[in-house]
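Data block for final-v3.cif (mmCIF, C-alpha atoms):
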```cif
data_query
loop_
_atom_site.group_PDB
_atom_site.id
_atom_site.type_symbol
_atom_site.label_atom_id
_atom_site.label_comp_id
_atom_site.auth_asym_id
_atom_site.auth_seq_id
_atom_site.Cartn_x
_atom_site.Cartn_y
_atom_site.Cartn_z
ATOM 1 C CA MET A 1 7.264 6.222 -3.753
ATOM 2 C CA ILE A 2 8.392 9.098 -5.928
ATOM 3 C CA SER A 3 11.005 8.444 -8.602
ATOM 4 C CA HIS A 4 12.292 11.587 -10.261
ATOM 5 C CA LYS A 5 14.605 9.462 -12.395
ATOM 6 C CA HIS A 6 11.680 7.567 -13.928
ATOM 7 C CA LYS A 7 9.161 10.409 -13.515
ATOM 8 C CA CYS A 8 6.613 8.281 -11.701
ATOM 9 C CA ILE A 9 4.617 8.075 -8.487
ATOM 10 C CA PHE A 10 3.891 4.629 -7.082
ATOM 11 C CA ILE A 11 1.319 4.278 -4.310
ATOM 12 C CA HIS A 12 2.521 1.376 -2.197
ATOM 13 C CA ILE A 13 -0.461 -0.387 -0.638
ATOM 14 C CA PRO A 14 0.834 -2.842 1.990
ATOM 15 C CA LYS A 15 1.073 -6.516 0.963
ATOM 16 C CA CYS A 16 0.691 -5.869 -2.768
ATOM 17 C CA ALA A 17 4.273 -6.561 -3.934
ATOM 18 C CA GLY A 18 5.245 -2.933 -3.379
ATOM 19 C CA THR A 19 8.582 -3.800 -1.774
ATOM 20 C CA SER A 20 9.716 -5.550 -4.956
ATOM 21 C CA ILE A 21 8.550 -2.620 -7.069
ATOM 22 C CA GLU A 22 10.303 -0.039 -4.899
ATOM 23 C CA LYS A 23 13.508 -2.056 -4.974
ATOM 24 C CA THR A 24 13.319 -2.296 -8.757
ATOM 25 C CA PHE A 25 13.092 1.496 -9.022
ATOM 26 C CA GLY A 26 16.109 1.938 -6.725
ATOM 27 C CA HIS A 27 14.149 3.235 -3.752
ATOM 28 C CA PHE A 28 16.357 1.343 -1.267
ATOM 29 C CA GLU A 29 19.739 2.189 -2.771
ATOM 30 C CA GLU A 30 22.295 3.118 -0.089
ATOM 31 C CA TYR A 31 19.712 2.400 2.621
ATOM 32 C CA SER A 32 19.303 -0.906 4.459
ATOM 33 C CA GLY A 33 17.516 0.041 7.663
ATOM 34 C CA TYR A 34 14.035 -0.692 8.944
ATOM 35 C CA TYR A 35 10.939 1.141 7.614
ATOM 36 C CA LYS A 36 12.481 1.521 4.184
ATOM 37 C CA GLN A 37 9.195 1.349 2.256
ATOM 38 C CA ASP A 38 7.199 4.425 1.284
ATOM 39 C CA HIS A 39 3.564 3.848 2.263
ATOM 40 C CA ARG A 40 2.347 7.401 1.710
ATOM 41 C CA SER A 41 -1.174 7.767 0.380
ATOM 42 C CA ILE A 42 -1.886 9.869 -2.704
ATOM 43 C CA ARG A 43 -3.209 12.579 -0.359
ATOM 44 C CA MET A 44 0.224 12.898 1.228
ATOM 45 C CA ILE A 45 1.797 13.480 -2.186
ATOM 46 C CA GLU A 46 -0.737 15.468 -4.211
ATOM 47 C CA PRO A 47 -0.667 19.299 -4.253
ATOM 48 C CA ILE A 48 -2.462 20.819 -1.285
ATOM 49 C CA TYR A 49 -6.029 21.835 -2.141
ATOM 50 C CA SER A 50 -8.605 23.910 -0.246
ATOM 51 C CA ASN A 51 -10.606 20.800 0.699
ATOM 52 C CA VAL A 52 -7.746 19.277 2.664
ATOM 53 C CA PHE A 53 -9.867 19.598 5.829
ATOM 54 C CA ALA A 54 -13.108 18.453 4.201
ATOM 55 C CA SER A 55 -13.029 15.196 6.176
ATOM 56 C CA LYS A 56 -11.303 13.776 9.230
ATOM 57 C CA GLU A 57 -9.380 11.364 7.009
ATOM 58 C CA ASN A 58 -8.150 14.197 4.780
ATOM 59 C CA SER A 59 -7.065 16.171 7.831
ATOM 60 C CA MET A 60 -5.134 13.251 9.306
ATOM 61 C CA GLU A 61 -3.272 12.677 6.041
ATOM 62 C CA PHE A 62 -2.404 16.382 5.915
ATOM 63 C CA LEU A 63 -1.046 16.259 9.462
ATOM 64 C CA LYS A 64 1.032 13.189 8.579
ATOM 65 C CA ARG A 65 2.447 15.164 5.654
ATOM 66 C CA LEU A 66 3.526 17.899 8.083
ATOM 67 C CA TRP A 67 4.941 15.345 10.519
ATOM 68 C CA ILE A 68 7.446 14.187 7.913
ATOM 69 C CA HIS A 69 9.121 17.606 8.161
ATOM 70 C CA ILE A 70 9.143 17.485 11.973
ATOM 71 C CA LYS A 71 10.380 13.914 12.267
ATOM 72 C CA PRO A 72 11.838 12.826 8.913
ATOM 73 C CA PRO A 73 11.502 9.111 7.957
ATOM 74 C CA SER A 74 14.598 6.929 8.104
ATOM 75 C CA ASN A 75 14.826 6.387 4.351
ATOM 76 C CA PRO A 76 15.511 9.852 2.878
ATOM 77 C CA ARG A 77 13.692 8.894 -0.347
ATOM 78 C CA ASN A 78 10.467 8.695 1.669
ATOM 79 C CA ARG A 79 10.720 12.482 1.983
ATOM 80 C CA TYR A 80 10.734 13.158 -1.756
ATOM 81 C CA SER A 81 8.043 15.524 -2.960
ATOM 82 C CA VAL A 82 6.740 16.756 -6.303
ATOM 83 C CA SER A 83 5.746 20.132 -7.659
ATOM 84 C CA ARG A 84 2.239 20.642 -8.976
ATOM 85 C CA ASP A 85 3.543 20.286 -12.535
ATOM 86 C CA GLN A 86 5.425 17.078 -11.694
ATOM 87 C CA TYR A 87 2.363 15.642 -9.982
ATOM 88 C CA GLU A 88 0.241 16.274 -13.054
ATOM 89 C CA ASN A 89 2.784 14.840 -15.493
ATOM 90 C CA TYR A 90 4.416 11.935 -13.632
ATOM 91 C CA PHE A 91 3.018 8.473 -14.332
ATOM 92 C CA LYS A 92 0.949 7.428 -11.303
ATOM 93 C CA PHE A 93 0.208 3.781 -10.582
ATOM 94 C CA THR A 94 -0.475 1.208 -7.889
ATOM 95 C CA PHE A 95 -1.156 -2.496 -7.412
ATOM 96 C CA VAL A 96 -4.217 -3.898 -5.639
ATOM 97 C CA ARG A 97 -4.884 -7.384 -4.316
ATOM 98 C CA ASN A 98 -7.744 -9.677 -3.385
ATOM 99 C CA PRO A 99 -8.706 -8.278 0.064
ATOM 100 C CA TRP A 100 -9.095 -11.711 1.670
ATOM 101 C CA ALA A 101 -5.592 -12.673 0.506
ATOM 102 C CA ARG A 102 -4.107 -9.291 1.434
ATOM 103 C CA ALA A 103 -5.538 -9.322 4.966
ATOM 104 C CA TYR A 104 -4.337 -12.874 5.548
ATOM 105 C CA SER A 105 -0.881 -12.011 4.224
ATOM 106 C CA TRP A 106 -0.631 -9.116 6.691
ATOM 107 C CA TYR A 107 -1.821 -11.370 9.522
ATOM 108 C CA LYS A 108 0.868 -13.947 8.693
ATOM 109 C CA ASN A 109 3.499 -11.226 8.466
ATOM 110 C CA VAL A 110 2.642 -9.909 11.923
ATOM 111 C CA MET A 111 2.494 -13.381 13.468
ATOM 112 C CA ARG A 112 6.106 -14.133 12.490
ATOM 113 C CA ASP A 113 7.563 -10.725 13.388
ATOM 114 C CA HIS A 114 8.246 -10.157 17.085
ATOM 115 C CA LEU A 115 8.610 -6.403 16.529
ATOM 116 C CA HIS A 116 5.092 -6.168 15.103
ATOM 117 C CA LEU A 117 3.718 -8.336 17.894
ATOM 118 C CA LYS A 118 5.361 -6.168 20.518
ATOM 119 C CA LYS A 119 4.228 -2.909 18.950
ATOM 120 C CA MET A 120 0.646 -4.150 18.525
ATOM 121 C CA ARG A 121 0.628 -5.704 22.022
ATOM 122 C CA ILE A 122 -0.613 -9.091 20.921
ATOM 123 C CA SER A 123 0.673 -12.668 20.899
ATOM 124 C CA ASN A 124 0.978 -14.916 17.879
ATOM 125 C CA GLU A 125 -1.840 -17.043 19.273
ATOM 126 C CA ILE A 126 -4.508 -14.500 18.319
ATOM 127 C CA SER A 127 -6.971 -15.897 15.785
ATOM 128 C CA LEU A 128 -7.365 -14.422 12.319
ATOM 129 C CA TYR A 129 -10.909 -13.250 13.103
ATOM 130 C CA ASP A 130 -9.931 -11.568 16.369
ATOM 131 C CA PHE A 131 -6.931 -9.957 14.680
ATOM 132 C CA LEU A 132 -9.078 -8.531 11.872
ATOM 133 C CA GLU A 133 -11.793 -7.390 14.260
ATOM 134 C CA ARG A 134 -9.290 -5.651 16.500
ATOM 135 C CA PHE A 135 -7.209 -3.941 13.807
ATOM 136 C CA LYS A 136 -9.713 -3.333 11.015
ATOM 137 C CA ASN A 137 -9.301 0.050 9.342
ATOM 138 C CA LYS A 138 -5.934 0.546 11.058
ATOM 139 C CA THR A 139 -2.423 0.776 9.592
ATOM 140 C CA ALA A 140 -1.911 -1.896 6.916
ATOM 141 C CA LEU A 141 -5.517 -3.121 7.226
ATOM 142 C CA ARG A 142 -6.985 0.133 5.959
ATOM 143 C CA ALA A 143 -9.031 -0.278 2.799
ATOM 144 C CA GLN A 144 -6.978 -0.154 -0.373
ATOM 145 C CA THR A 145 -9.050 2.815 -1.495
ATOM 146 C CA PHE A 146 -7.642 4.743 1.493
ATOM 147 C CA TRP A 147 -4.265 4.939 -0.267
ATOM 148 C CA ILE A 148 -5.443 5.773 -3.780
ATOM 149 C CA LYS A 149 -8.270 8.290 -3.274
ATOM 150 C CA ASN A 150 -7.286 11.947 -3.421
ATOM 151 C CA SER A 151 -8.761 14.753 -1.328
ATOM 152 C CA ASN A 152 -11.759 14.951 -3.672
ATOM 153 C CA GLY A 153 -12.482 11.238 -3.341
ATOM 154 C CA ASP A 154 -11.293 10.539 -6.887
ATOM 155 C CA ILE A 155 -8.675 7.989 -7.986
ATOM 156 C CA PRO A 156 -6.194 9.982 -10.129
ATOM 157 C CA LEU A 157 -4.027 7.059 -11.228
ATOM 158 C CA ASP A 158 -2.882 6.217 -14.741
ATOM 159 C CA TYR A 159 -2.800 2.465 -14.114
ATOM 160 C CA ILE A 160 -4.009 0.063 -11.425
ATOM 161 C CA GLY A 161 -2.247 -3.277 -11.627
ATOM 162 C CA ARG A 162 -3.314 -6.545 -10.049
ATOM 163 C CA PHE A 163 -1.120 -8.500 -7.664
ATOM 164 C CA GLU A 164 -2.601 -11.633 -9.221
ATOM 165 C CA ASN A 165 -1.202 -10.564 -12.609
ATOM 166 C CA LEU A 166 1.938 -8.934 -11.262
ATOM 167 C CA ASP A 167 4.548 -9.628 -13.933
ATOM 168 C CA ASN A 168 2.310 -8.926 -16.931
ATOM 169 C CA ASP A 169 0.869 -5.742 -15.430
ATOM 170 C CA PHE A 170 4.288 -4.473 -14.413
ATOM 171 C CA GLU A 171 5.511 -5.032 -17.956
ATOM 172 C CA LYS A 172 2.538 -2.985 -19.217
ATOM 173 C CA ILE A 173 3.460 -0.221 -16.788
ATOM 174 C CA CYS A 174 7.042 -0.112 -18.074
ATOM 175 C CA ASN A 175 5.707 0.083 -21.636
ATOM 176 C CA LEU A 176 3.316 2.909 -20.727
ATOM 177 C CA MET A 177 6.183 4.758 -19.051
ATOM 178 C CA LYS A 178 8.275 4.155 -22.197
ATOM 179 C CA ILE A 179 11.164 2.653 -20.266
ATOM 180 C CA GLU A 180 13.085 -0.572 -20.734
ATOM 181 C CA PRO A 181 11.137 -3.447 -19.092
ATOM 182 C CA LEU A 182 12.411 -3.939 -15.524
ATOM 183 C CA LYS A 183 12.648 -7.296 -13.767
ATOM 184 C CA LEU A 184 10.914 -7.630 -10.411
ATOM 185 C CA PRO A 185 13.050 -9.411 -7.780
ATOM 186 C CA HIS A 186 10.114 -11.116 -5.983
ATOM 187 C CA GLU A 187 11.638 -10.519 -2.562
ATOM 188 C CA LEU A 188 8.551 -11.759 -0.719
ATOM 189 C CA LYS A 189 8.145 -14.991 -2.651
ATOM 190 C CA GLY A 190 6.854 -16.957 0.335
ATOM 191 C CA ALA A 191 4.043 -14.517 1.040
ATOM 192 C CA ALA A 192 3.123 -14.309 -2.635
ATOM 193 C CA ASN A 193 2.751 -18.078 -2.967
ATOM 194 C CA SER A 194 0.697 -18.647 0.176
ATOM 195 C CA SER A 195 -3.007 -19.455 -0.166
ATOM 196 C CA HIS A 196 -5.643 -17.818 1.974
ATOM 197 C CA GLN A 197 -8.742 -19.944 1.354
ATOM 198 C CA ASP A 198 -8.077 -22.591 4.018
ATOM 199 C CA ALA A 199 -7.514 -19.929 6.704
ATOM 200 C CA TYR A 200 -11.064 -18.578 6.551
ATOM 201 C CA ASP A 201 -14.376 -19.693 7.957
ATOM 202 C CA SER A 202 -17.748 -18.215 6.995
ATOM 203 C CA LYS A 203 -17.669 -15.636 9.802
ATOM 204 C CA THR A 204 -14.242 -14.355 8.809
ATOM 205 C CA ILE A 205 -15.170 -14.313 5.108
ATOM 206 C CA ASP A 206 -18.188 -12.148 5.933
ATOM 207 C CA LEU A 207 -16.078 -9.824 8.072
ATOM 208 C CA ILE A 208 -13.761 -9.086 5.148
ATOM 209 C CA SER A 209 -16.807 -8.617 2.891
ATOM 210 C CA SER A 210 -18.109 -5.965 5.266
ATOM 211 C CA ILE A 211 -14.828 -4.130 5.905
ATOM 212 C CA TYR A 212 -13.764 -3.949 2.265
ATOM 213 C CA ARG A 213 -17.123 -3.765 0.507
ATOM 214 C CA GLU A 214 -16.165 -0.729 -1.579
ATOM 215 C CA GLU A 215 -12.951 -2.157 -3.049
ATOM 216 C CA ILE A 216 -14.533 -5.585 -3.586
ATOM 217 C CA GLU A 217 -17.176 -3.942 -5.779
ATOM 218 C CA LEU A 218 -14.742 -1.480 -7.376
ATOM 219 C CA PHE A 219 -12.185 -4.103 -8.434
ATOM 220 C CA GLY A 220 -14.547 -7.058 -8.867
ATOM 221 C CA TYR A 221 -12.940 -9.317 -6.274
ATOM 222 C CA SER A 222 -14.517 -12.331 -4.614
ATOM 223 C CA PHE A 223 -13.246 -14.752 -1.977
ATOM 224 C CA ASP A 224 -12.296 -17.329 -4.609
ATOM 225 C CA SER A 225 -10.925 -14.930 -7.239
#
```
Could I get this file's structure written as structure tokens?
Amino acid sequence: MISHKHKCIFIHIPKCAGTSIEKTFGHFEEYSGYYKQDHRSIRMIEPIYSNVFASKENSMEFLKRLWIHIKPPSNPRNRYSVSRDQYENYFKFTFVRNPWARAYSWYKNVMRDHLHLKKMRISNEISLYDFLERFKNKTALRAQTFWIKNSNGDIPLDYIGRFENLDNDFEKICNLMKIEPLKLPHELKGAANSSHQDAYDSKTIDLISSIYREEIELFGYSFDS
């Protein structure tokens, strides 16, 4: 999400309270359709550098950036861009979440949404393990580092908040941006309050450990944290 009004760039990692944050910054004003969130990675927003084709992942993000101009997203604010100077000076932030909790939250979201089930060609009887094994490293189940690493593999963010400390970290962000503290609406209260521990067995715990090893080490998460 790019907010020129507040001079900030928010990288919305799925299932990390990003919908509430985007709503707070007015990202959905005058738009009520589907696919309203902006899930662009930092590579789709940053200025284009010579190493854009240095990896397959970089190349795919560059092609997705071009695709926006061919087939614009429904929410016009998802097409906002920044100049090189704006990119360097806007406050850039994100929120991350315990990967076991985030993956389970996405699983629950898909299981109760017939549109997701239809698009993914699955039934709501699929087990958590089979779901994770089948869709690992795809769409919302990509590693959180996928969204926040730039083309050089660096993380050029001014602040990384924690979903587990949402209100306090968001208040810090408002203070760092030197704006009046904003109140988060907590639109997805049910998902935020759900616990993931009882949904996992040892095999599924280990699967998440393997898929998200980098972010677990980077952010210091554990299954019980």
Work out how far apart CA of Lys136 (chain A) and CA of Asn58 (chain A) are and give it in Å to one decimal.
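Answer for the CA of Lys136 (chain A) to CA of Asn58 (chain A) separation: 18.7 Å.
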I need the residue set behind the PyMOL selection byres ((chain A and resi 141-156) around 9) for this file; please write it as number ranges by chain.
A: 11-14, 39-44, 46, 48-49, 51-55, 57-58, 92-94, 96-97, 99, 102-103, 106, 132, 135-140, 157-158, 211-212, 214-215
Mind pulling up the distance from CA of Lys15 (chain A) to CA of Ala199 (chain A)?
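Taking CA of Ala199 (chain A) as the start and CA of Lys15 (chain A) as the end point, the length is 16.9 Å.
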Considering all atoms listed in the file, state which residue in the set A:Phe25, A:Phe91, A:Tyr107, A:Phe131 is at the smallest distance from Ile173 (chain A).
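Among A:Phe25, A:Phe91, A:Tyr107, A:Phe131, it is A:Phe91 that comes nearest to Ile173 (chain A).
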List as a ChimeraX atom specification: which residues have an atom within 10 Å of (13.1, 10.0, 0.5), counting only C-alpha atoms?
/A:1-3,27-28,36-38,72-81
Given only C-alpha atoms as the counted atoms, nearest of A:Asn124, A:Asn98, A:Ser50, A:Thr24 to Phe223 (chain A):
A:Asn98
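With all atoms listed in the file as the atoms that count, the residue of A:Leu182, A:Ala101, A:Leu218, A:Cys8 with the shortest distance to Asp169 (chain A) is A:Leu182.
One distance worth recording is that between CA of Lys178 (chain A) and CA of Phe10 (chain A), which is 15.7 Å.
Using all atoms listed in the file for every distance, the candidate list A:Lys108, A:Lys183, A:Arg134, A:Lys71 yields A:Arg134 as the residue closest to Met120 (chain A).
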I'd like the contact shell of Val82 (chain A) - 10 Å cut-off, all atoms listed in the file, skipping same-chain residues fewer than 5 positions apart - returned as an MDAnalysis selection string.
chainID A and resid 2:4 7 9 45:47 87:88 90
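For the residues A:Tyr129, A:Asp167, A:Lys172, A:His186, ranking by smallest atom-to-atom distance to Asp206 (chain A) using all atoms listed in the file places A:Tyr129 first.
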Nearest-residue call for Thr19 (chain A), choices A:His196, A:Glu217, A:Ser105, A:Pro185, using all atoms listed in the file:
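Of the candidates, the smallest distance to Thr19 (chain A) is held by A:Pro185.
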Quick one: everything within 9 Å of His114 (chain A), counting all atoms listed in the file, minus sequence neighbours fewer than 4 positions away in the same chain. Send it as an MDAnalysis selection string.
chainID A and resid 110 118:119 123:124
Draw an axis-aligned box tight on the listed atoms of region 102-106 of chain A, then pad every side by 4 Å and write out centre and edge lengths in Å to one decimal as AutoDock Vina command-line options.
```
--center_x -3.1 --center_y -11.0 --center_z 4.1 --size_x 12.9 --size_y 11.8 --size_z 13.3
```
